Amino acid sequence: MACAFLPIIDFGAYLDPASSSEKRLAVAHEIDKACRYPGMFYLTNHGVPQELWDKVRTCAHQFFQLPLEEKNKHVVASYTRGYWHVGPEEHDNRGEGIAFHPPVNCYSNGLARKADPNSPSARLPTSPDALGDQNSWPSDEFRAVTEEYLDHVLRVKDRVLEAIATSLDISNESLKRMQNTSMSATINGYPASAKGEAEQRGINLREHADSGCITFLNQDLGAASLQAQDREGVWRNVQPIPNAFVVNVGCVLNKWTGGQYIDVIHRVIHRLEKPRVSVVAFTNPPFDGIVEPLPEFAELCKGQAKYAPTTFGSFLLKQIGDYDGPLES
Ligand SMILES: O=C(O)CCC(=O)C(=O)O
Ligand SMILES: [Fe+2]
């Protein structure tokens, strides 16, 4: 059964070139409404081919089934790239994942300590960059499938942002700024719980808001493991729907809109007797790009520290640092 908390938005009518402008506007308004609250929605008929939609998760399952020593070959010195594994001895944050981030070309703000920000060569992509080592792909097939999948998601992302811009009635420059976003991916694996163990289990993925602009999640079918917080602070289950993205607003889009859109807090508690995989595509502005409210929303949040300009890179690194900090409880 679908989760009544989240609206289900059929993107087909927006993507169909034969649709009337009224129809497309109606879809755009639905997306806008969902971004204002709860900051998360299902997106169906998004145009990602069905086979690829499933294959990207199949590849992930195959990778996570490998022995740990195999998977550990893909650990790299970066928080945003490579393989990680937590548990089983740790109660919270139990799970594993592999992440991919495009090259970062940032030498502003002192993020790369030894680089000269004025040197033209400092602007060229280098490896490793400010986020650490390079991506480590488990196999050519894994890479080909994931990259093809992300290409599709990138196109969906641009159309969703176009719909948002239409509904917000913002300028072309503002839309361009929003669309100037690249794609990074995290593929999460959550282990099965043995019979009787399920209730003792803690949280697999701690509560957080995503750092980027907008996130597209493709998850296994089964019981709801993802939870999102409503405005009363109550955790609501996000039941998977076949072939539907779960789309959510991240911190950057919250900031661009001066707080009009909600960077929804979410977490994962996986208690099934079979493992779960989620393929999460994040969209990020340039690492050294300034993130601040779009001109259309600047007045709304004037003087509020939360909306003060910052580079995306420094914001991301701070968020990673905070997330990595000690647990309060
Ligand atoms: O696995 C999920 O359902 C959510 C993952 C997530 O929130 C993330 O990777 O940021
Ligand atoms: Fe997330």
# chains A, B, ... in the order shown; residues from 1 in each chain; ligands from 1
$ residues_near_ligand --ligand "ligand 1" --cutoff "6 Å" --atoms "only C-alpha atoms and all ligand atoms" --output "list in words"
Thr186, Asn188, Asp210, Leu226, Val268, Ser278 and Val280 of chain A
$ residues_near_ligand --ligand "ligand 2" --cutoff "10 Å" --atoms "only C-alpha atoms and all ligand atoms" --output "PyMOL selection string"
chain A and resi 186+205-212+215-217+226+228+248-250+264-268+280-282
$ residues_around --residues "region 155-157 of chain A" --least-positions-apart "3" --cutoff "9 Å" --atoms "only C-alpha atoms" --output "PyMOL selection string"
chain A and resi 46-48+150-152+160-162+179+214-216+283
$ residues_around --residues "Tyr190 (chain A)" --least-positions-apart "6" --cutoff "9 Å" --atoms "only C-alpha atoms" --output "list in words"
Arg94, Gly95, Glu96, Gly97, Asn204, Ile269, His270, Lys274, Pro275, Arg276, Val277 and Ser278 of chain A
$ atom_distance --atom1 "CA of Ala18 (chain A)" --atom2 "CA of Ala165 (chain A)"
20.4 Å
$ closest_atom_pairs --of "region 138-240 of chain A" --to "region 98-104 of chain A" --cutoff "12 Å" --atoms "only C-alpha atoms" --output "JSON lines"
{"residue": "A:Pro138", "atom": "CA", "partner": "A:Ile98", "partner_atom": "CA", "distance": 9.3}
{"residue": "A:Phe142", "atom": "CA", "partner": "A:Ile98", "partner_atom": "CA", "distance": 11.4}
{"residue": "A:Arg143", "atom": "CA", "partner": "A:Phe100", "partner_atom": "CA", "distance": 10.0}
{"residue": "A:Thr146", "atom": "CA", "partner": "A:Phe100", "partner_atom": "CA", "distance": 9.7}
{"residue": "A:Glu147", "atom": "CA", "partner": "A:Phe100", "partner_atom": "CA", "distance": 10.0}
{"residue": "A:Leu150", "atom": "CA", "partner": "A:Phe100", "partner_atom": "CA", "distance": 10.8}
{"residue": "A:Thr181", "atom": "CA", "partner": "A:Pro102", "partner_atom": "CA", "distance": 11.1}
{"residue": "A:Ser182", "atom": "CA", "partner": "A:Pro102", "partner_atom": "CA", "distance": 7.6}
{"residue": "A:Met183", "atom": "CA", "partner": "A:Pro102", "partner_atom": "CA", "distance": 7.3}
{"residue": "A:Ser184", "atom": "CA", "partner": "A:His101", "partner_atom": "CA", "distance": 4.7}
{"residue": "A:Ala185", "atom": "CA", "partner": "A:Phe100", "partner_atom": "CA", "distance": 5.2}
{"residue": "A:Thr186", "atom": "CA", "partner": "A:Ala99", "partner_atom": "CA", "distance": 4.2}
{"residue": "A:Ile187", "atom": "CA", "partner": "A:Ile98", "partner_atom": "CA", "distance": 5.3}
{"residue": "A:Asn188", "atom": "CA", "partner": "A:Ile98", "partner_atom": "CA", "distance": 6.7}
{"residue": "A:Gly189", "atom": "CA", "partner": "A:Ile98", "partner_atom": "CA", "distance": 8.5}
{"residue": "A:Tyr190", "atom": "CA", "partner": "A:Ile98", "partner_atom": "CA", "distance": 11.9}
$ closest_residue --among "A:Ser78, A:Ser225, A:Asn218, A:Ser136" --to "Pro191 (chain A)" --atoms "only C-alpha atoms"
A:Ser225
